[in-house]
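*Asks:* Dropping in data.tsv, with TSV, N, CA and C atoms.
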chain	number	residue	atom	x	y	z
A	1	MET	N	0.84	-1.18	0.00
A	1	MET	CA	0.00	0.00	0.00
A	1	MET	C	0.88	1.24	0.00
A	2	LYS	N	0.40	2.22	-0.71
A	2	LYS	CA	1.14	3.48	-0.80
A	2	LYS	C	0.69	4.42	0.30
A	3	LYS	N	1.44	5.49	0.48
A	3	LYS	CA	1.15	6.47	1.52
A	3	LYS	C	-0.25	7.06	1.33
A	4	GLY	N	-0.65	7.33	0.11
A	4	GLY	CA	-1.98	7.88	-0.18
A	4	GLY	C	-3.10	6.93	0.23
A	5	ASP	N	-2.86	5.62	0.07
A	5	ASP	CA	-3.86	4.62	0.48
A	5	ASP	C	-4.10	4.67	1.98
A	6	PHE	N	-3.04	4.84	2.76
A	6	PHE	CA	-3.18	4.94	4.21
A	6	PHE	C	-3.95	6.20	4.62
A	7	ILE	N	-3.71	7.28	3.92
A	7	ILE	CA	-4.42	8.53	4.22
A	7	ILE	C	-5.91	8.37	3.93
A	8	VAL	N	-6.25	7.77	2.80
A	8	VAL	CA	-7.66	7.55	2.46
A	8	VAL	C	-8.31	6.61	3.48
A	9	LEU	N	-7.64	5.54	3.83
A	9	LEU	CA	-8.17	4.60	4.81
A	9	LEU	C	-8.37	5.27	6.16
A	10	ALA	N	-7.42	6.09	6.60
A	10	ALA	CA	-7.55	6.80	7.88
A	10	ALA	C	-8.73	7.77	7.83
A	11	ALA	N	-8.92	8.45	6.71
A	11	ALA	CA	-10.05	9.38	6.58
A	11	ALA	C	-11.38	8.65	6.64
A	12	ILE	N	-11.47	7.50	6.01
A	12	ILE	CA	-12.70	6.71	6.04
A	12	ILE	C	-12.99	6.23	7.46
A	13	LEU	N	-11.97	5.72	8.15
A	13	LEU	CA	-12.17	5.25	9.53
A	13	LEU	C	-12.57	6.39	10.46
A	14	ALA	N	-11.99	7.57	10.27
A	14	ALA	CA	-12.35	8.73	11.10
A	14	ALA	C	-13.80	9.13	10.83
A	15	ALA	N	-14.22	9.12	9.58
A	15	ALA	CA	-15.60	9.48	9.23
A	15	ALA	C	-16.58	8.49	9.84
A	16	GLU	N	-16.26	7.20	9.79
A	16	GLU	CA	-17.14	6.19	10.39
A	16	GLU	C	-17.23	6.36	11.90
A	17	ALA	N	-16.12	6.69	12.55
A	17	ALA	CA	-16.14	6.90	14.00
A	17	ALA	C	-17.02	8.09	14.36
A	18	ILE	N	-16.94	9.15	13.58
A	18	ILE	CA	-17.77	10.33	13.85
A	18	ILE	C	-19.24	10.00	13.65
A	19	LEU	N	-19.57	9.29	12.58
A	19	LEU	CA	-20.96	8.90	12.33
A	19	LEU	C	-21.49	8.01	13.45
A	20	LEU	N	-20.69	7.07	13.91
A	20	LEU	CA	-21.11	6.20	15.02
A	20	LEU	C	-21.36	7.00	16.28
A	21	PHE	N	-20.50	7.96	16.56
A	21	PHE	CA	-20.66	8.80	17.75
A	21	PHE	C	-22.02	9.50	17.72
A	22	PHE	N	-22.36	10.11	16.59
A	22	PHE	CA	-23.61	10.84	16.49
A	22	PHE	C	-24.81	9.92	16.43
A	23	ALA	N	-24.66	8.73	15.90
A	23	ALA	CA	-25.78	7.78	15.82
A	23	ALA	C	-26.12	7.21	17.19
A	24	LEU	N	-25.14	7.11	18.08
A	24	LEU	CA	-25.37	6.47	19.37
A	24	LEU	C	-25.60	7.43	20.52
A	25	ARG	N	-25.55	8.74	20.25
A	25	ARG	CA	-25.75	9.68	21.36
A	25	ARG	C	-27.23	9.74	21.74
A	26	PRO	N	-27.56	10.19	22.96
A	26	PRO	CA	-28.94	10.23	23.43
A	26	PRO	C	-29.79	11.19	22.60
A	27	ALA	N	-31.09	11.01	22.73
A	27	ALA	CA	-32.05	11.82	21.97
A	27	ALA	C	-32.01	13.28	22.38
A	28	ALA	N	-32.50	14.11	21.49
A	28	ALA	CA	-32.56	15.55	21.75
A	28	ALA	C	-33.53	15.85	22.88
A	29	GLY	N	-33.35	17.01	23.51
A	29	GLY	CA	-34.27	17.42	24.57
A	29	GLY	C	-35.68	17.51	24.02
A	30	GLY	N	-36.65	17.14	24.82
A	30	GLY	CA	-38.04	17.18	24.38
A	30	GLY	C	-38.49	15.90	23.71
A	31	ALA	N	-37.62	14.90	23.60
A	31	ALA	CA	-38.01	13.63	22.99
A	31	ALA	C	-38.87	12.83	23.96
A	32	TYR	N	-39.69	11.95	23.42
A	32	TYR	CA	-40.55	11.12	24.25
A	32	TYR	C	-40.91	9.84	23.51
A	33	ALA	N	-41.29	8.84	24.28
A	33	ALA	CA	-41.70	7.55	23.73
A	33	ALA	C	-43.22	7.52	23.62
A	34	VAL	N	-43.71	7.05	22.48
A	34	VAL	CA	-45.15	6.92	22.26
A	34	VAL	C	-45.46	5.45	22.00
A	35	VAL	N	-46.41	4.90	22.76
A	35	VAL	CA	-46.82	3.51	22.59
A	35	VAL	C	-48.25	3.49	22.09
A	36	SER	N	-48.45	2.76	21.00
A	36	SER	CA	-49.78	2.63	20.40
A	36	SER	C	-50.17	1.16	20.35
A	37	VAL	N	-51.45	0.89	20.58
A	37	VAL	CA	-51.99	-0.45	20.43
A	37	VAL	C	-53.08	-0.38	19.38
A	38	ASP	N	-52.91	-1.14	18.31
A	38	ASP	CA	-53.84	-1.14	17.18
A	38	ASP	C	-54.12	0.27	16.67
A	39	GLY	N	-53.07	1.10	16.60
A	39	GLY	CA	-53.17	2.45	16.06
A	39	GLY	C	-53.66	3.51	17.01
A	40	GLU	N	-53.99	3.14	18.23
A	40	GLU	CA	-54.48	4.10	19.23
A	40	GLU	C	-53.41	4.33	20.30
A	41	THR	N	-53.02	5.58	20.52
A	41	THR	CA	-51.99	5.91	21.51
A	41	THR	C	-52.51	5.60	22.91
A	42	VAL	N	-51.74	4.79	23.65
A	42	VAL	CA	-52.14	4.42	25.00
A	42	VAL	C	-51.16	4.92	26.06
A	43	LEU	N	-49.95	5.35	25.63
A	43	LEU	CA	-48.94	5.75	26.59
A	43	LEU	C	-47.96	6.72	25.93
A	44	THR	N	-47.63	7.80	26.64
A	44	THR	CA	-46.61	8.75	26.21
A	44	THR	C	-45.70	9.01	27.41
A	45	VAL	N	-44.39	8.77	27.23
A	45	VAL	CA	-43.44	8.93	28.32
A	45	VAL	C	-42.33	9.89	27.90
A	46	PRO	N	-42.19	11.04	28.59
A	46	PRO	CA	-41.08	11.95	28.27
A	46	PRO	C	-39.75	11.29	28.64
A	47	PHE	N	-38.75	11.53	27.81
A	47	PHE	CA	-37.44	10.93	28.05
A	47	PHE	C	-36.73	11.51	29.25
A	48	ASP	N	-37.16	12.66	29.73
A	48	ASP	CA	-36.49	13.21	30.91
A	48	ASP	C	-37.06	12.61	32.20
A	49	ALA	N	-38.05	11.72	32.09
A	49	ALA	CA	-38.61	11.03	33.27
A	49	ALA	C	-37.62	9.96	33.73
A	50	ALA	N	-37.74	9.57	34.98
A	50	ALA	CA	-36.91	8.48	35.51
A	50	ALA	C	-37.31	7.17	34.82
A	51	PRO	N	-36.35	6.29	34.56
A	51	PRO	CA	-36.67	5.01	33.92
A	51	PRO	C	-37.67	4.21	34.75
A	52	ARG	N	-38.64	3.65	34.04
A	52	ARG	CA	-39.70	2.90	34.69
A	52	ARG	C	-40.26	1.87	33.72
A	53	VAL	N	-40.83	0.79	34.22
A	53	VAL	CA	-41.44	-0.23	33.38
A	53	VAL	C	-42.95	-0.01	33.35
A	54	TYR	N	-43.51	0.00	32.14
A	54	TYR	CA	-44.95	0.19	31.93
A	54	TYR	C	-45.49	-1.08	31.28
A	55	THR	N	-46.68	-1.50	31.69
A	55	THR	CA	-47.33	-2.67	31.10
A	55	THR	C	-48.50	-2.22	30.25
A	56	VAL	N	-48.52	-2.69	29.01
A	56	VAL	CA	-49.57	-2.35	28.05
A	56	VAL	C	-50.20	-3.66	27.58
A	57	GLN	N	-51.52	-3.69	27.47
A	57	GLN	CA	-52.21	-4.89	27.03
A	57	GLN	C	-52.25	-4.96	25.51
A	58	GLY	N	-51.66	-6.00	24.93
A	58	GLY	CA	-51.68	-6.23	23.50
A	58	GLY	C	-52.68	-7.31	23.14
A	59	ALA	N	-52.76	-7.68	21.88
A	59	ALA	CA	-53.71	-8.68	21.41
A	59	ALA	C	-53.43	-10.07	21.98
A	60	LEU	N	-52.16	-10.42	22.19
A	60	LEU	CA	-51.79	-11.73	22.71
A	60	LEU	C	-51.58	-11.74	24.21
A	61	GLY	N	-51.50	-10.57	24.82
A	61	GLY	CA	-51.24	-10.49	26.25
A	61	GLY	C	-50.48	-9.24	26.59
A	62	PRO	N	-50.01	-9.14	27.83
A	62	PRO	CA	-49.32	-7.92	28.27
A	62	PRO	C	-47.94	-7.79	27.64
A	63	VAL	N	-47.54	-6.53	27.43
A	63	VAL	CA	-46.23	-6.19	26.91
A	63	VAL	C	-45.61	-5.22	27.92
A	64	ASP	N	-44.38	-5.48	28.33
A	64	ASP	CA	-43.68	-4.58	29.24
A	64	ASP	C	-42.73	-3.70	28.45
A	65	ILE	N	-42.84	-2.39	28.68
A	65	ILE	CA	-42.00	-1.42	28.00
A	65	ILE	C	-41.27	-0.61	29.05
A	66	GLU	N	-39.95	-0.52	28.92
A	66	GLU	CA	-39.14	0.28	29.82
A	66	GLU	C	-38.83	1.60	29.10
A	67	ALA	N	-39.15	2.70	29.74
A	67	ALA	CA	-38.94	4.02	29.11
A	67	ALA	C	-38.50	5.03	30.16
A	68	GLY	N	-37.76	6.03	29.70
A	68	GLY	CA	-37.26	7.10	30.56
A	68	GLY	C	-35.75	7.12	30.53
A	69	GLY	N	-35.17	8.16	31.08
A	69	GLY	CA	-33.72	8.26	31.10
A	69	GLY	C	-33.11	8.41	29.71
A	70	GLY	N	-33.87	8.94	28.76
A	70	GLY	CA	-33.34	9.17	27.43
A	70	GLY	C	-33.47	8.03	26.44
A	71	ARG	N	-34.25	6.99	26.78
A	71	ARG	CA	-34.39	5.86	25.87
A	71	ARG	C	-35.61	5.02	26.23
A	72	ALA	N	-35.96	4.08	25.35
A	72	ALA	CA	-37.11	3.20	25.57
A	72	ALA	C	-36.86	1.87	24.86
A	73	ARG	N	-37.51	0.81	25.35
A	73	ARG	CA	-37.37	-0.52	24.73
A	73	ARG	C	-38.51	-1.43	25.14
A	74	PHE	N	-38.71	-2.49	24.36
A	74	PHE	CA	-39.60	-3.57	24.76
A	74	PHE	C	-38.81	-4.44	25.72
A	75	LEU	N	-39.31	-4.63	26.91
A	75	LEU	CA	-38.63	-5.44	27.92
A	75	LEU	C	-39.10	-6.89	27.86
A	76	HIS	N	-40.41	-7.07	27.66
A	76	HIS	CA	-41.00	-8.41	27.61
A	76	HIS	C	-42.26	-8.37	26.77
A	77	ALA	N	-42.49	-9.42	25.99
A	77	ALA	CA	-43.71	-9.52	25.20
A	77	ALA	C	-44.10	-10.99	25.07
A	78	ASP	N	-45.39	-11.24	24.94
A	78	ASP	CA	-45.88	-12.61	24.77
A	78	ASP	C	-46.07	-12.93	23.28
A	79	CYS	N	-45.01	-12.77	22.52
A	79	CYS	CA	-45.07	-13.10	21.10
A	79	CYS	C	-44.04	-14.19	20.82
A	80	PRO	N	-44.21	-14.95	19.76
A	80	PRO	CA	-43.34	-16.11	19.53
A	80	PRO	C	-41.90	-15.77	19.17
A	81	ASP	N	-41.66	-14.77	18.34
A	81	ASP	CA	-40.30	-14.52	17.84
A	81	ASP	C	-39.48	-13.56	18.67
A	82	GLN	N	-40.10	-12.74	19.50
A	82	GLN	CA	-39.41	-11.77	20.35
A	82	GLN	C	-38.58	-10.76	19.55
A	83	VAL	N	-39.00	-10.46	18.31
A	83	VAL	CA	-38.29	-9.48	17.49
A	83	VAL	C	-38.31	-8.11	18.16
A	84	CYS	N	-39.42	-7.76	18.77
A	84	CYS	CA	-39.54	-6.46	19.43
A	84	CYS	C	-38.55	-6.33	20.58
A	85	VAL	N	-38.39	-7.36	21.36
A	85	VAL	CA	-37.46	-7.34	22.50
A	85	VAL	C	-36.02	-7.29	21.99
A	86	LYS	N	-35.74	-8.02	20.92
A	86	LYS	CA	-34.39	-8.06	20.35
A	86	LYS	C	-34.01	-6.76	19.66
A	87	SER	N	-34.99	-5.89	19.38
A	87	SER	CA	-34.67	-4.63	18.71
A	87	SER	C	-33.89	-3.69	19.62
A	88	GLY	N	-33.93	-3.91	20.92
A	88	GLY	CA	-33.09	-3.16	21.86
A	88	GLY	C	-33.60	-1.77	22.17
A	89	TRP	N	-32.67	-0.93	22.64
A	89	TRP	CA	-32.99	0.42	23.08
A	89	TRP	C	-33.20	1.35	21.89
A	90	LEU	N	-34.18	2.24	22.02
A	90	LEU	CA	-34.43	3.30	21.04
A	90	LEU	C	-34.17	4.62	21.74
A	91	SER	N	-33.43	5.50	21.07
A	91	SER	CA	-33.17	6.80	21.69
A	91	SER	C	-33.28	7.97	20.72
A	92	LEU	N	-33.26	7.70	19.43
A	92	LEU	CA	-33.31	8.77	18.44
A	92	LEU	C	-34.72	8.95	17.89
A	93	PRO	N	-35.18	10.19	17.77
A	93	PRO	CA	-36.50	10.45	17.22
A	93	PRO	C	-36.67	9.82	15.84
A	94	GLY	N	-37.85	9.25	15.63
A	94	GLY	CA	-38.15	8.60	14.36
A	94	GLY	C	-37.89	7.11	14.37
A	95	ARG	N	-37.25	6.60	15.40
A	95	ARG	CA	-36.94	5.17	15.46
A	95	ARG	C	-38.13	4.40	16.01
A	96	PRO	N	-38.62	3.39	15.28
A	96	PRO	CA	-39.72	2.57	15.77
A	96	PRO	C	-39.28	1.16	16.17
A	97	ALA	N	-40.09	0.51	16.96
A	97	ALA	CA	-39.99	-0.92	17.24
A	97	ALA	C	-41.43	-1.39	17.37
A	98	ALA	N	-41.70	-2.60	16.90
A	98	ALA	CA	-43.08	-3.07	16.92
A	98	ALA	C	-43.17	-4.53	17.34
A	99	CYS	N	-44.20	-4.83	18.10
A	99	CYS	CA	-44.57	-6.20	18.41
A	99	CYS	C	-45.81	-6.46	17.53
A	100	VAL	N	-45.58	-6.92	16.32
A	100	VAL	CA	-46.64	-7.06	15.33
A	100	VAL	C	-47.74	-8.02	15.78
A	101	PRO	N	-47.42	-9.22	16.30
A	101	PRO	CA	-48.50	-10.12	16.72
A	101	PRO	C	-49.40	-9.51	17.81
A	102	ASN	N	-48.82	-8.66	18.65
A	102	ASN	CA	-49.58	-8.02	19.72
A	102	ASN	C	-50.23	-6.72	19.27
A	103	GLY	N	-49.84	-6.18	18.13
A	103	GLY	CA	-50.39	-4.92	17.65
A	103	GLY	C	-49.88	-3.72	18.42
A	104	VAL	N	-48.66	-3.82	18.99
A	104	VAL	CA	-48.10	-2.75	19.81
A	104	VAL	C	-46.93	-2.10	19.06
A	105	LEU	N	-46.95	-0.77	18.99
A	105	LEU	CA	-45.90	-0.01	18.32
A	105	LEU	C	-45.27	0.97	19.30
A	106	LEU	N	-43.95	1.01	19.33
A	106	LEU	CA	-43.19	1.94	20.17
A	106	LEU	C	-42.39	2.83	19.23
A	107	VAL	N	-42.58	4.15	19.35
A	107	VAL	CA	-41.88	5.11	18.49
A	107	VAL	C	-41.32	6.23	19.34
A	108	VAL	N	-40.10	6.65	19.03
A	108	VAL	CA	-39.50	7.81	19.68
A	108	VAL	C	-39.87	9.03	18.85
A	109	GLU	N	-40.43	10.02	19.48
A	109	GLU	CA	-40.82	11.25	18.79
A	109	GLU	C	-40.16	12.44	19.46
A	110	GLY	N	-40.09	13.54	18.75
A	110	GLY	CA	-39.47	14.75	19.26
A	110	GLY	C	-38.60	15.36	18.20
A	111	GLU	N	-37.80	16.34	18.60
A	111	GLU	CA	-36.90	17.00	17.66
A	111	GLU	C	-35.79	16.06	17.25
A	112	SER	N	-35.54	15.98	15.95
A	112	SER	CA	-34.48	15.15	15.44
A	112	SER	C	-33.15	15.88	15.54
A	113	GLN	N	-32.07	15.13	15.75
A	113	GLN	CA	-30.74	15.70	15.78
A	113	GLN	C	-30.06	15.62	14.42
A	114	VAL	N	-30.75	15.06	13.45
A	114	VAL	CA	-30.15	14.85	12.14
A	114	VAL	C	-30.13	16.16	11.37
A	115	ASP	N	-28.98	16.54	10.86
A	115	ASP	CA	-28.84	17.73	10.05
A	115	ASP	C	-28.93	17.40	8.56
A	116	VAL	N	-28.35	16.26	8.18
A	116	VAL	CA	-28.29	15.87	6.78
A	116	VAL	C	-28.52	14.38	6.68
A	117	VAL	N	-29.25	13.95	5.66
A	117	VAL	CA	-29.43	12.54	5.38
A	117	VAL	C	-28.81	12.26	4.02
A	118	LEU	N	-27.82	11.38	3.97
A	118	LEU	CA	-27.17	11.02	2.71
A	118	LEU	C	-27.79	9.75	2.18
A	119	ARG	N	-28.07	9.75	0.89
A	119	ARG	CA	-28.64	8.53	0.27
A	119	ARG	C	-27.80	8.11	-0.87
Would you give me this structure, written as structure tokens?

*Replies:*
Amino acid sequence: MKKGDFIVLAAILAAEAILLFFALRPAAGGAYAVVSVDGETVLTVPFDAAPRVYTVQGALGPVDIEAGGGRARFLHADCPDQVCVKSGWLSLPGRPAACVPNGVLLVVEGESQVDVVLR
């Protein structure tokens, strides 16, 4: 590899590190978690609230959602694949997670921190 190749590689790695930093930082002030069951909002939790577990009744049974402290997630659900639980923590506005068999949707809403979207 030539010297120029190392410079290009270093620039790419630095850009990826910066993108990862901004992708993983907590949500903007004023963000909140919205939980809907069959399209009807049943729970809204501001992210500046202390973390707490909320139970919501879905089509197959109860779903536990942990929200507050700048993030939210499905903690437990009575669905076969557990895709919603495996989706992990949500902290950026616009990010959804869904327990489709239960009809439960969790979305982070609020001001987005994104300045530019590259496609």

*Asks:* Quick one: residues within 7 Å of segment 72-85 of chain A, only C-alpha atoms, excluding same-chain residues fewer than 2 positions away - as an MDAnalysis selection string?

*Replies:* chainID A and resid 33 60:68 87:91 97:99 101:102

*Asks:* Expressed in Å to a single decimal, how great is the separation between atom C of Gly30 of chain A and atom CA of Val53 of chain A?

*Replies:*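 Here the two named atoms are 19.0 Å from each other.
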
*Asks:* Once DSSP has gone over the backbone, tell me which residues of chain A are in strand (DSSP E or B), as a ChimeraX atom specification.

*Replies:* /A:32-37,40-46,52-57,62-68,71-77,90,96-99,104-109

*Asks:* I'd like to know which of A:Pro93, A:Val56, A:Gly70, A:Ala10 is closest to Val42 of chain A, using only N, CA and C atoms.

*Replies:*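 Between A:Pro93, A:Val56, A:Gly70, A:Ala10, the residue approaching Val42 of chain A most closely is A:Val56.
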
*Asks:* Restricting the calculation to only C-alpha atoms, which member of A:Val104, A:Lys3, A:Glu16, A:Arg95 is positioned closest to Leu43 of chain A?

*Replies:* A:Val104

*Asks:* From a DSSP calculation on the backbone, collect every residue of chain A in helix (DSSP H, G or I) and output the set as a JSON list (two decimals) with N, CA and C atoms, in the coordinates of the input.

*Replies:*
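Saved as selection-v5.json:
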[["chain", "number", "residue", "atom", "x", "y", "z"],
["A", 3, "LYS", "N", 1.44, 5.49, 0.48],
["A", 3, "LYS", "CA", 1.15, 6.47, 1.52],
["A", 3, "LYS", "C", -0.25, 7.06, 1.33],
["A", 4, "GLY", "N", -0.65, 7.33, 0.11],
["A", 4, "GLY", "CA", -1.98, 7.88, -0.18],
["A", 4, "GLY", "C", -3.10, 6.93, 0.23],
["A", 5, "ASP", "N", -2.86, 5.62, 0.07],
["A", 5, "ASP", "CA", -3.86, 4.62, 0.48],
["A", 5, "ASP", "C", -4.10, 4.67, 1.98],
["A", 6, "PHE", "N", -3.04, 4.84, 2.76],
["A", 6, "PHE", "CA", -3.18, 4.94, 4.21],
["A", 6, "PHE", "C", -3.95, 6.20, 4.62],
["A", 7, "ILE", "N", -3.71, 7.28, 3.92],
["A", 7, "ILE", "CA", -4.42, 8.53, 4.22],
["A", 7, "ILE", "C", -5.91, 8.37, 3.93],
["A", 8, "VAL", "N", -6.25, 7.77, 2.80],
["A", 8, "VAL", "CA", -7.66, 7.55, 2.46],
["A", 8, "VAL", "C", -8.31, 6.61, 3.48],
["A", 9, "LEU", "N", -7.64, 5.54, 3.83],
["A", 9, "LEU", "CA", -8.17, 4.60, 4.81],
["A", 9, "LEU", "C", -8.37, 5.27, 6.16],
["A", 10, "ALA", "N", -7.42, 6.09, 6.60],
["A", 10, "ALA", "CA", -7.55, 6.80, 7.88],
["A", 10, "ALA", "C", -8.73, 7.77, 7.83],
["A", 11, "ALA", "N", -8.92, 8.45, 6.71],
["A", 11, "ALA", "CA", -10.05, 9.38, 6.58],
["A", 11, "ALA", "C", -11.38, 8.65, 6.64],
["A", 12, "ILE", "N", -11.47, 7.50, 6.01],
["A", 12, "ILE", "CA", -12.70, 6.71, 6.04],
["A", 12, "ILE", "C", -12.99, 6.23, 7.46],
["A", 13, "LEU", "N", -11.97, 5.72, 8.15],
["A", 13, "LEU", "CA", -12.17, 5.25, 9.53],
["A", 13, "LEU", "C", -12.57, 6.39, 10.46],
["A", 14, "ALA", "N", -11.99, 7.57, 10.27],
["A", 14, "ALA", "CA", -12.35, 8.73, 11.10],
["A", 14, "ALA", "C", -13.80, 9.13, 10.83],
["A", 15, "ALA", "N", -14.22, 9.12, 9.58],
["A", 15, "ALA", "CA", -15.60, 9.48, 9.23],
["A", 15, "ALA", "C", -16.58, 8.49, 9.84],
["A", 16, "GLU", "N", -16.26, 7.20, 9.79],
["A", 16, "GLU", "CA", -17.14, 6.19, 10.39],
["A", 16, "GLU", "C", -17.23, 6.36, 11.90],
["A", 17, "ALA", "N", -16.12, 6.69, 12.55],
["A", 17, "ALA", "CA", -16.14, 6.90, 14.00],
["A", 17, "ALA", "C", -17.02, 8.09, 14.36],
["A", 18, "ILE", "N", -16.94, 9.15, 13.58],
["A", 18, "ILE", "CA", -17.77, 10.33, 13.85],
["A", 18, "ILE", "C", -19.24, 10.00, 13.65],
["A", 19, "LEU", "N", -19.57, 9.29, 12.58],
["A", 19, "LEU", "CA", -20.96, 8.90, 12.33],
["A", 19, "LEU", "C", -21.49, 8.01, 13.45],
["A", 20, "LEU", "N", -20.69, 7.07, 13.91],
["A", 20, "LEU", "CA", -21.11, 6.20, 15.02],
["A", 20, "LEU", "C", -21.36, 7.00, 16.28],
["A", 21, "PHE", "N", -20.50, 7.96, 16.56],
["A", 21, "PHE", "CA", -20.66, 8.80, 17.75],
["A", 21, "PHE", "C", -22.02, 9.50, 17.72],
["A", 22, "PHE", "N", -22.36, 10.11, 16.59],
["A", 22, "PHE", "CA", -23.61, 10.84, 16.49],
["A", 22, "PHE", "C", -24.81, 9.92, 16.43],
["A", 23, "ALA", "N", -24.66, 8.73, 15.90],
["A", 23, "ALA", "CA", -25.78, 7.78, 15.82],
["A", 23, "ALA", "C", -26.12, 7.21, 17.19],
["A", 24, "LEU", "N", -25.14, 7.11, 18.08],
["A", 24, "LEU", "CA", -25.37, 6.47, 19.37],
["A", 24, "LEU", "C", -25.60, 7.43, 20.52],
["A", 83, "VAL", "N", -39.00, -10.46, 18.31],
["A", 83, "VAL", "CA", -38.29, -9.48, 17.49],
["A", 83, "VAL", "C", -38.31, -8.11, 18.16],
["A", 84, "CYS", "N", -39.42, -7.76, 18.77],
["A", 84, "CYS", "CA", -39.54, -6.46, 19.43],
["A", 84, "CYS", "C", -38.55, -6.33, 20.58],
["A", 85, "VAL", "N", -38.39, -7.36, 21.36],
["A", 85, "VAL", "CA", -37.46, -7.34, 22.50],
["A", 85, "VAL", "C", -36.02, -7.29, 21.99],
["A", 86, "LYS", "N", -35.74, -8.02, 20.92],
["A", 86, "LYS", "CA", -34.39, -8.06, 20.35],
["A", 86, "LYS", "C", -34.01, -6.76, 19.66]]

*Asks:* What gap, in Å, lies between atom C of Val100 of chain A and atom C of Val34 of chain A?

*Replies:*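 Interatomic distance, atom C of Val100 of chain A to atom C of Val34 of chain A: 15.0 Å.
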
*Asks:* If I take atom CA of Val108 of chain A and atom CA of Ala15 of chain A, how far is one from the other in Å, to one decimal?

*Replies:* 26.1 Å

*Asks:* Measuring between only N, CA and C atoms, which one of A:Asp48, A:Val8, A:Ala31, A:Asp38 shows the shortest distance to Glu109 of chain A?

*Replies:*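 Closest candidate: A:Ala31.
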